[in-house]
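K.L.:
I'd like to ask some things about the structure below.
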Amino acid sequence: MLGYSVYLNQPIDEQLERMNRYRDHGFRRIFTSLHIPEENSATYRERLNELGLWAKKNKMHVTADVAADSLDALCLSLNNVSQLKDMGINALRLDDGFDEKSAVALSNQIAIVLNASTLTPQSLAVMLREGMVASQVTACHNFYPRPETGLSRQAFRRANAWFKEAGLSVAAFFPGDQNCRGPLYKGLPTLEDHRHYSPFAAFVDLLHESVDDLILGDPDMSDQVLEQFIAWDKGVILLHAHPETQDKKLLKTLSTVQTNRPDEARDCVRSYESRMLHLVDTPILPDHHYRPRPTGSITIDNECYGRYQGEIQISKRDLAADEKVNRVGRITSKDLPLLQYISGSTKFQIVWESKRTNI
């Protein structure tokens with residue numbers, strides 16, 4: 001399930017616009033943190049109430065990150081879980097200070113999310129023996145604000161493998177691309193690989209890693225990226241790109257929805273429509289300044305390629321220059337990771353990011 005984060009350091013009324021925007025586009029989970037400064041406890045309690053009321057009204061699922069002592073400042077108690085549920089909190093992510101016994105006791109009252117970074121097979125075995133039901137528990141990874149501290153893919157996969165084997169669902173975070181959370185403002189990913197991905201590329205990657213709950217860690221992402229999520233729901237992968245030609249008619253043609261051929265090529269995405277439906281219906285003259293085709297290059301075969309003339313491709317690896325191939329654009333660096341997920345018969349659409357040209 002898709003989710004986003006709401007932090008209580010900002011008034012809820014200042015966040016309502018984006019909360020409504022995510023709700024309207026299929027985000028059904030909210031993550032919030034109850035690690036708060038004691039001097040602002042009354043303000044944070046009020047904001048938590050406002051968030052809970054909005055979530056209940058809009059049928060959103062709220063997970064609150066808590067430490068054993070973090071509720072004291074809010075005048076809340078884990079001995080009165082019904083009060084938390086009445087406020088609109090649906091699940092607790094247990095951070096520091098919880099032993100196996102207290103976690104099991106809480107799991108009988110409210111949905112529990114365990115901290116994936118500290119959970120061990122031994123402690124989980126104890127909790128399951130004490131009556132915790134694995135199918136009702138999620139292991140949620142941390143996000144990592146400091147660059148170079150996010151998880152390696154190997155460690156992520158190892159952890160998820162045994163979580164899944166034990167019957168737990170898995171949650172992880174992907175970074176935003178605007179209004180990133182301080183104090184470092186470097187994104188809040190679980191995987192270090194994702195720190196320089198677009199939010200959508202990181203989301204798709206987590207899906208392919210069999211993550212069940214995918215949460216936007218930073219407060220926000222751009223409308224441009226949100227459009228990718230909307231297209232995804234329609235079965236299309238949007239790819240942002242920079243044009244490298246001034247041929248406006250060709251650029252418009254290239255920006256239509258296309259389909260990768262079902263016989264997926266090793267080296268490139270091949271547009272089915274470009275030749276089979278004659279998407280480009282005029283002769284393609286050779287570009288006498290033909291250039292190498294690094295990963296993400298958008299190309300069209302020219303008349304020197306005979307019957308292949310007009311074929312549109314996107315390179316999936318670095319390819320050499322070819323006088324029979326014109327380079328007309330390139331996928332942005334943040335969206336390059338998406339190319340590996342355009343398998344046979346996958347629909348894609350190029351979105352030109354600017355009018356600048358690199359000729």
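So you can find residues: chains in the structure tokens are A, B, ... in the order shown, residues in each start at 1, and ligands are numbered from 1 in order.
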Show me, as a list of chain:residue names, the residues that have an atom within 8 Å of Arg153 (chain A) when counting only C-alpha atoms, minus same-chain residues fewer than 2 positions from it.

P.N.:
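Final neighbour list, sorted by chain and number: A:Leu151, A:Ala155, A:Phe156, A:Arg157, A:Leu191, A:Asp193.
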
K.L.:
For the residues in that selection, give me N, CA and C atoms as a short mmCIF file (atom, residue, chain, number, x, y, z; two decimals), in the first residue's frame.

P.N.:
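The file below, result_0.cif, is the result:
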data_model
loop_
_atom_site.label_atom_id
_atom_site.label_comp_id
_atom_site.auth_asym_id
_atom_site.auth_seq_id
_atom_site.Cartn_x
_atom_site.Cartn_y
_atom_site.Cartn_z
N LEU A 151 20.71 1.76 3.63
CA LEU A 151 21.00 0.33 3.54
C LEU A 151 21.59 -0.04 2.19
N ALA A 155 21.99 -6.09 2.09
CA ALA A 155 21.47 -6.18 3.46
C ALA A 155 19.95 -6.09 3.47
N PHE A 156 19.41 -5.23 2.63
CA PHE A 156 17.96 -5.06 2.52
C PHE A 156 17.31 -6.38 2.11
N ARG A 157 17.88 -7.03 1.12
CA ARG A 157 17.30 -8.29 0.63
C ARG A 157 17.43 -9.40 1.67
N LEU A 191 16.95 2.75 1.18
CA LEU A 191 18.11 2.28 0.42
C LEU A 191 18.99 3.45 0.00
N ASP A 193 20.91 3.52 -2.45
CA ASP A 193 20.78 3.61 -3.91
C ASP A 193 19.75 4.64 -4.33
#

K.L.:
At a cut-off of 9 Å, using only C-alpha atoms, what residues contact region 176-181 of chain A? Leave out same-chain residues fewer than 5 positions from it and give the result as JSON, numbers by chain.

P.N.:
{"A": [145, 186, 187, 188, 189, 198, 199, 200, 216, 217, 218, 219, 220, 221, 222, 225]}

K.L.:
Save the residues we just selected, N, CA and C atoms, as a PDB file, in the first residue's frame?

P.N.:
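And here is the file that came out, selection18.pdb:
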ATOM      1  N   PRO A 145      18.588   9.905   6.963  1.00  0.00           N
ATOM      2  CA  PRO A 145      18.788  11.288   6.504  1.00  0.00           C
ATOM      3  C   PRO A 145      20.203  11.587   6.022  1.00  0.00           C
ATOM      4  N   LYS A 186      18.598  15.987   2.510  1.00  0.00           N
ATOM      5  CA  LYS A 186      19.220  15.108   1.517  1.00  0.00           C
ATOM      6  C   LYS A 186      18.351  13.897   1.185  1.00  0.00           C
ATOM      7  N   GLY A 187      17.067  13.998   1.484  1.00  0.00           N
ATOM      8  CA  GLY A 187      16.161  12.896   1.199  1.00  0.00           C
ATOM      9  C   GLY A 187      16.115  11.891   2.335  1.00  0.00           C
ATOM     10  N   LEU A 188      15.013  11.139   2.387  1.00  0.00           N
ATOM     11  CA  LEU A 188      14.815  10.154   3.451  1.00  0.00           C
ATOM     12  C   LEU A 188      14.531   8.776   2.855  1.00  0.00           C
ATOM     13  N   PRO A 189      15.534   8.165   2.238  1.00  0.00           N
ATOM     14  CA  PRO A 189      15.341   6.824   1.687  1.00  0.00           C
ATOM     15  C   PRO A 189      15.720   5.737   2.688  1.00  0.00           C
ATOM     16  N   SER A 198      14.618   9.512  -8.685  1.00  0.00           N
ATOM     17  CA  SER A 198      13.356  10.230  -8.534  1.00  0.00           C
ATOM     18  C   SER A 198      12.496   9.437  -7.555  1.00  0.00           C
ATOM     19  N   PRO A 199      11.551  10.083  -6.855  1.00  0.00           N
ATOM     20  CA  PRO A 199      10.680   9.335  -5.947  1.00  0.00           C
ATOM     21  C   PRO A 199       9.962   8.186  -6.642  1.00  0.00           C
ATOM     22  N   PHE A 200       9.536   8.416  -7.881  1.00  0.00           N
ATOM     23  CA  PHE A 200       8.811   7.362  -8.592  1.00  0.00           C
ATOM     24  C   PHE A 200       9.723   6.190  -8.929  1.00  0.00           C
ATOM     25  N   LEU A 216       6.416   7.528   1.336  1.00  0.00           N
ATOM     26  CA  LEU A 216       7.207   8.714   1.027  1.00  0.00           C
ATOM     27  C   LEU A 216       7.751   9.265   2.337  1.00  0.00           C
ATOM     28  N   GLY A 217       9.077   9.218   2.511  1.00  0.00           N
ATOM     29  CA  GLY A 217       9.667   9.638   3.779  1.00  0.00           C
ATOM     30  C   GLY A 217       9.700  11.141   3.960  1.00  0.00           C
ATOM     31  N   ASP A 218      10.056  11.869   2.900  1.00  0.00           N
ATOM     32  CA  ASP A 218      10.070  13.330   2.959  1.00  0.00           C
ATOM     33  C   ASP A 218       8.647  13.868   2.905  1.00  0.00           C
ATOM     34  N   PRO A 219       8.468  15.121   3.313  1.00  0.00           N
ATOM     35  CA  PRO A 219       7.115  15.677   3.312  1.00  0.00           C
ATOM     36  C   PRO A 219       6.457  15.774   1.945  1.00  0.00           C
ATOM     37  N   ASP A 220       7.230  15.890   0.867  1.00  0.00           N
ATOM     38  CA  ASP A 220       6.563  16.226  -0.390  1.00  0.00           C
ATOM     39  C   ASP A 220       7.350  15.734  -1.594  1.00  0.00           C
ATOM     40  N   MET A 221       6.649  15.709  -2.715  1.00  0.00           N
ATOM     41  CA  MET A 221       7.278  15.478  -4.010  1.00  0.00           C
ATOM     42  C   MET A 221       6.572  16.355  -5.041  1.00  0.00           C
ATOM     43  N   SER A 222       7.210  16.563  -6.156  1.00  0.00           N
ATOM     44  CA  SER A 222       6.730  17.518  -7.150  1.00  0.00           C
ATOM     45  C   SER A 222       5.518  16.990  -7.911  1.00  0.00           C
ATOM     46  N   VAL A 225       6.455  14.500 -10.578  1.00  0.00           N
ATOM     47  CA  VAL A 225       6.602  13.113 -10.144  1.00  0.00           C
ATOM     48  C   VAL A 225       5.247  12.486  -9.856  1.00  0.00           C
TER      49      VAL A 225
END

K.L.:
Quick one: of A:Ala105, A:Ala159, A:Ala116, A:Ala171, who's nearest to Gly3 (chain A), counting only C-alpha atoms?

P.N.:
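Ranking A:Ala105, A:Ala159, A:Ala116, A:Ala171 by distance to Gly3 (chain A), first place goes to A:Ala171.
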
K.L.:
Identify, on the basis of only C-alpha atoms, every residue whose closest approach to Thr346 (chain A) does not exceed 12 Å; exclude the query and any residue fewer than 6 positions from it along the same chain; express the result as a ChimeraX atom specification.

P.N.:
/A:232,234-238,257-264,269-272,338-340

K.L.:
Could you save those same residues with C-alpha atoms as a PDB file, in the first residue's frame?

P.N.:
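Output below, filename result_0.pdb:
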ATOM      1  CA  TRP A 232       1.451   4.127 -13.418  1.00  0.00           C
ATOM      2  CA  LYS A 234      -3.051   3.506 -15.985  1.00  0.00           C
ATOM      3  CA  GLY A 235      -0.295   1.066 -16.900  1.00  0.00           C
ATOM      4  CA  VAL A 236       2.158   3.590 -18.366  1.00  0.00           C
ATOM      5  CA  ILE A 237       5.695   4.486 -17.245  1.00  0.00           C
ATOM      6  CA  LEU A 238       6.413   8.193 -17.753  1.00  0.00           C
ATOM      7  CA  VAL A 257       2.263   6.603 -25.499  1.00  0.00           C
ATOM      8  CA  GLN A 258       4.326   3.765 -26.967  1.00  0.00           C
ATOM      9  CA  THR A 259       4.866   0.088 -26.222  1.00  0.00           C
ATOM     10  CA  ASN A 260       8.086  -1.848 -25.849  1.00  0.00           C
ATOM     11  CA  ARG A 261       8.097  -4.764 -28.256  1.00  0.00           C
ATOM     12  CA  PRO A 262       7.042  -8.061 -26.637  1.00  0.00           C
ATOM     13  CA  ASP A 263      10.338  -9.659 -27.712  1.00  0.00           C
ATOM     14  CA  GLU A 264      12.354  -7.566 -25.258  1.00  0.00           C
ATOM     15  CA  VAL A 269      13.661  -0.366 -25.497  1.00  0.00           C
ATOM     16  CA  ARG A 270      12.138  -0.742 -28.982  1.00  0.00           C
ATOM     17  CA  SER A 271       8.933   1.123 -29.777  1.00  0.00           C
ATOM     18  CA  TYR A 272       6.412  -1.254 -31.347  1.00  0.00           C
ATOM     19  CA  LEU A 338      13.163   3.038 -14.688  1.00  0.00           C
ATOM     20  CA  LEU A 339      14.522   1.618 -17.944  1.00  0.00           C
ATOM     21  CA  GLN A 340      15.228  -1.749 -16.328  1.00  0.00           C
TER      22      GLN A 340
END

K.L.:
So which one's closest to Ser315 (chain A), A:Leu53, A:Leu34, A:Met87, A:Ile331? Using only C-alpha atoms, please.

P.N.:
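Going through A:Leu53, A:Leu34, A:Met87, A:Ile331 one by one, the smallest distance to Ser315 (chain A) is for A:Ile331.
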
K.L.:
My list of candidates is A:Ala265, A:Asp96, A:Asn9, A:Val113. Which is closest to Ser343 (chain A) when distances are computed with only C-alpha atoms?

P.N.:
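Using only C-alpha atoms, the shortest distance to Ser343 (chain A) belongs to A:Ala265.
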
K.L.:
Name all residues at most 12 Å from Leu84 (chain A) (count only C-alpha atoms; drop same-chain ones fewer than 2 positions away) and give them as a CSV table (one decimal) with N, CA and C atoms, in the first residue's frame.

P.N.:
chain,number,residue,atom,x,y,z
A,34,LEU,N,6.0,10.4,16.8
A,34,LEU,CA,5.7,11.0,18.1
A,34,LEU,C,6.9,11.2,18.9
A,45,ARG,N,0.4,17.8,20.6
A,45,ARG,CA,-0.8,17.0,21.0
A,45,ARG,C,-2.0,17.5,20.2
A,48,LEU,N,-1.6,16.4,16.6
A,48,LEU,CA,-1.9,14.9,16.5
A,48,LEU,C,-3.4,14.7,16.4
A,49,ASN,N,-4.2,15.4,17.3
A,49,ASN,CA,-5.6,15.4,17.3
A,49,ASN,C,-6.2,15.7,15.9
A,52,GLY,N,-5.5,13.0,13.3
A,52,GLY,CA,-6.3,11.9,13.5
A,52,GLY,C,-7.7,12.1,13.1
A,53,LEU,N,-8.3,13.3,13.4
A,53,LEU,CA,-9.6,13.6,12.9
A,53,LEU,C,-9.7,13.6,11.4
A,62,VAL,N,-3.3,5.4,9.8
A,62,VAL,CA,-2.2,6.2,10.4
A,62,VAL,C,-1.3,5.2,11.3
A,63,THR,N,0.0,5.3,11.0
A,63,THR,CA,1.0,4.6,11.8
A,63,THR,C,1.9,5.6,12.5
A,64,ALA,N,2.0,5.5,13.8
A,64,ALA,CA,2.7,6.5,14.6
A,64,ALA,C,4.0,5.8,15.1
A,66,VAL,N,6.8,5.4,17.8
A,66,VAL,CA,6.8,5.8,19.2
A,66,VAL,C,8.0,5.0,19.9
A,71,LEU,N,5.5,9.0,24.6
A,71,LEU,CA,4.1,9.5,24.8
A,71,LEU,C,3.9,10.3,26.0
A,74,LEU,N,3.1,13.9,25.6
A,74,LEU,CA,1.8,14.1,25.0
A,74,LEU,C,0.6,13.8,25.9
A,75,CYS,N,1.0,13.4,27.2
A,75,CYS,CA,0.0,13.0,28.2
A,75,CYS,C,-0.8,11.8,27.6
A,76,LEU,N,-0.1,11.0,27.0
A,76,LEU,CA,-0.7,9.7,26.5
A,76,LEU,C,0.0,8.6,27.1
A,77,SER,N,-0.6,7.4,27.1
A,77,SER,CA,0.0,6.2,27.7
A,77,SER,C,-0.3,5.0,26.9
A,78,LEU,N,0.7,4.1,26.9
A,78,LEU,CA,0.6,2.8,26.2
A,78,LEU,C,-0.3,1.9,27.1
A,79,ASN,N,-0.6,2.3,28.3
A,79,ASN,CA,-1.5,1.6,29.1
A,79,ASN,C,-3.0,1.9,28.7
A,80,ASN,N,-3.2,2.8,27.9
A,80,ASN,CA,-4.5,3.2,27.4
A,80,ASN,C,-4.5,3.3,25.9
A,81,VAL,N,-4.3,2.2,25.3
A,81,VAL,CA,-4.2,2.1,23.8
A,81,VAL,C,-5.5,2.6,23.2
A,82,SER,N,-6.7,2.4,23.8
A,82,SER,CA,-7.9,2.8,23.2
A,82,SER,C,-8.0,4.3,23.0
A,86,ASP,N,-8.8,6.0,19.5
A,86,ASP,CA,-9.9,7.0,19.4
A,86,ASP,C,-9.4,8.2,18.7
A,87,MET,N,-8.1,8.5,18.8
A,87,MET,CA,-7.5,9.7,18.2
A,87,MET,C,-7.3,9.5,16.7
A,88,GLY,N,-7.5,8.3,16.2
A,88,GLY,CA,-7.3,8.0,14.8
A,88,GLY,C,-6.0,7.3,14.5
A,89,ILE,N,-5.2,6.8,15.5
A,89,ILE,CA,-4.0,6.1,15.2
A,89,ILE,C,-4.4,4.6,15.1
A,90,ASN,N,-3.9,4.0,14.0
A,90,ASN,CA,-4.3,2.6,13.6
A,90,ASN,C,-3.2,1.6,14.0
A,91,ALA,N,-2.0,2.1,14.0
A,91,ALA,CA,-0.8,1.2,14.3
A,91,ALA,C,0.3,1.9,14.9
A,92,LEU,N,1.1,1.2,15.7
A,92,LEU,CA,2.2,1.8,16.4
A,92,LEU,C,3.5,1.1,15.9
A,106,LEU,N,1.0,-5.3,23.5
A,106,LEU,CA,0.4,-4.2,22.6
A,106,LEU,C,-0.2,-4.8,21.4
A,109,GLN,N,-3.8,-5.4,21.2
A,109,GLN,CA,-4.7,-4.2,21.3
A,109,GLN,C,-4.7,-3.3,20.1
A,110,ILE,N,-3.6,-3.3,19.3
A,110,ILE,CA,-3.5,-2.5,18.2
A,110,ILE,C,-2.5,-3.1,17.2
A,111,ALA,N,-2.6,-2.7,16.0
A,111,ALA,CA,-1.7,-3.3,15.0
A,111,ALA,C,-0.3,-2.8,15.3

K.L.:
Please list as a list in words every residue within 9 Å of Val137 (chain A), counting only C-alpha atoms and excluding residues in the same chain fewer than 3 positions away.

P.N.:
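The filter keeps Ser107, Ala111, Ile112, Val113, Leu114, Met132, Val133, Ala134, Gly167, Leu168, Ser169 and Val170 of chain A.
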
K.L.:
From the DSSP assignment of the backbone, select every residue of region 68-178 of chain A that is alpha helix (DSSP H), and format the answer as a PyMOL selection string.

P.N.:
chain A and resi 81-86+100-107+121-129+153-166

K.L.:
Just C-alpha atoms for this one: save the residues we selected as a PDB file, in the first residue's frame.

P.N.:
ATOM      1  CA  VAL A  81      -4.246   2.143  23.808  1.00  0.00           C
ATOM      2  CA  SER A  82      -7.949   2.771  23.215  1.00  0.00           C
ATOM      3  CA  GLN A  83      -7.259   6.491  23.660  1.00  0.00           C
ATOM      4  CA  LEU A  84      -4.723   6.360  20.822  1.00  0.00           C
ATOM      5  CA  LYS A  85      -7.157   4.461  18.605  1.00  0.00           C
ATOM      6  CA  ASP A  86      -9.901   6.972  19.368  1.00  0.00           C
ATOM      7  CA  GLU A 100       9.285  -8.736  23.571  1.00  0.00           C
ATOM      8  CA  LYS A 101       6.700  -9.036  26.348  1.00  0.00           C
ATOM      9  CA  SER A 102       5.421  -5.459  26.003  1.00  0.00           C
ATOM     10  CA  ALA A 103       5.341  -5.733  22.208  1.00  0.00           C
ATOM     11  CA  VAL A 104       3.209  -8.881  22.416  1.00  0.00           C
ATOM     12  CA  ALA A 105       0.849  -7.237  24.901  1.00  0.00           C
ATOM     13  CA  LEU A 106       0.419  -4.233  22.615  1.00  0.00           C
ATOM     14  CA  SER A 107      -0.172  -6.446  19.579  1.00  0.00           C
ATOM     15  CA  PRO A 121      15.071 -13.861  14.321  1.00  0.00           C
ATOM     16  CA  GLN A 122      15.541 -14.729  17.991  1.00  0.00           C
ATOM     17  CA  SER A 123      13.394 -11.882  19.348  1.00  0.00           C
ATOM     18  CA  LEU A 124      10.704 -12.517  16.744  1.00  0.00           C
ATOM     19  CA  ALA A 125      10.626 -16.201  17.688  1.00  0.00           C
ATOM     20  CA  VAL A 126      10.057 -15.226  21.327  1.00  0.00           C
ATOM     21  CA  MET A 127       7.188 -12.891  20.389  1.00  0.00           C
ATOM     22  CA  LEU A 128       5.533 -15.485  18.168  1.00  0.00           C
ATOM     23  CA  ARG A 129       5.729 -18.078  20.950  1.00  0.00           C
ATOM     24  CA  ARG A 153      20.686  -3.648  -1.401  1.00  0.00           C
ATOM     25  CA  GLN A 154      22.270  -6.879  -0.203  1.00  0.00           C
ATOM     26  CA  ALA A 155      21.472  -6.181   3.460  1.00  0.00           C
ATOM     27  CA  PHE A 156      17.959  -5.061   2.519  1.00  0.00           C
ATOM     28  CA  ARG A 157      17.304  -8.285   0.634  1.00  0.00           C
ATOM     29  CA  ARG A 158      18.734 -10.490   3.364  1.00  0.00           C
ATOM     30  CA  ALA A 159      16.509  -8.888   5.988  1.00  0.00           C
ATOM     31  CA  ASN A 160      13.400  -8.971   3.829  1.00  0.00           C
ATOM     32  CA  ALA A 161      13.949 -12.624   2.959  1.00  0.00           C
ATOM     33  CA  TRP A 162      13.654 -13.768   6.538  1.00  0.00           C
ATOM     34  CA  PHE A 163      10.856 -11.294   7.334  1.00  0.00           C
ATOM     35  CA  LYS A 164       8.819 -12.803   4.512  1.00  0.00           C
ATOM     36  CA  GLU A 165       9.741 -16.347   5.505  1.00  0.00           C
ATOM     37  CA  ALA A 166       8.476 -15.592   9.013  1.00  0.00           C
TER      38      ALA A 166
END

K.L.:
Please indicate the distance in Å from CA of Leu254 (chain A) to CA of Gln349 (chain A), rounded to one decimal place.

P.N.:
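These two atoms are separated by 8.1 Å.
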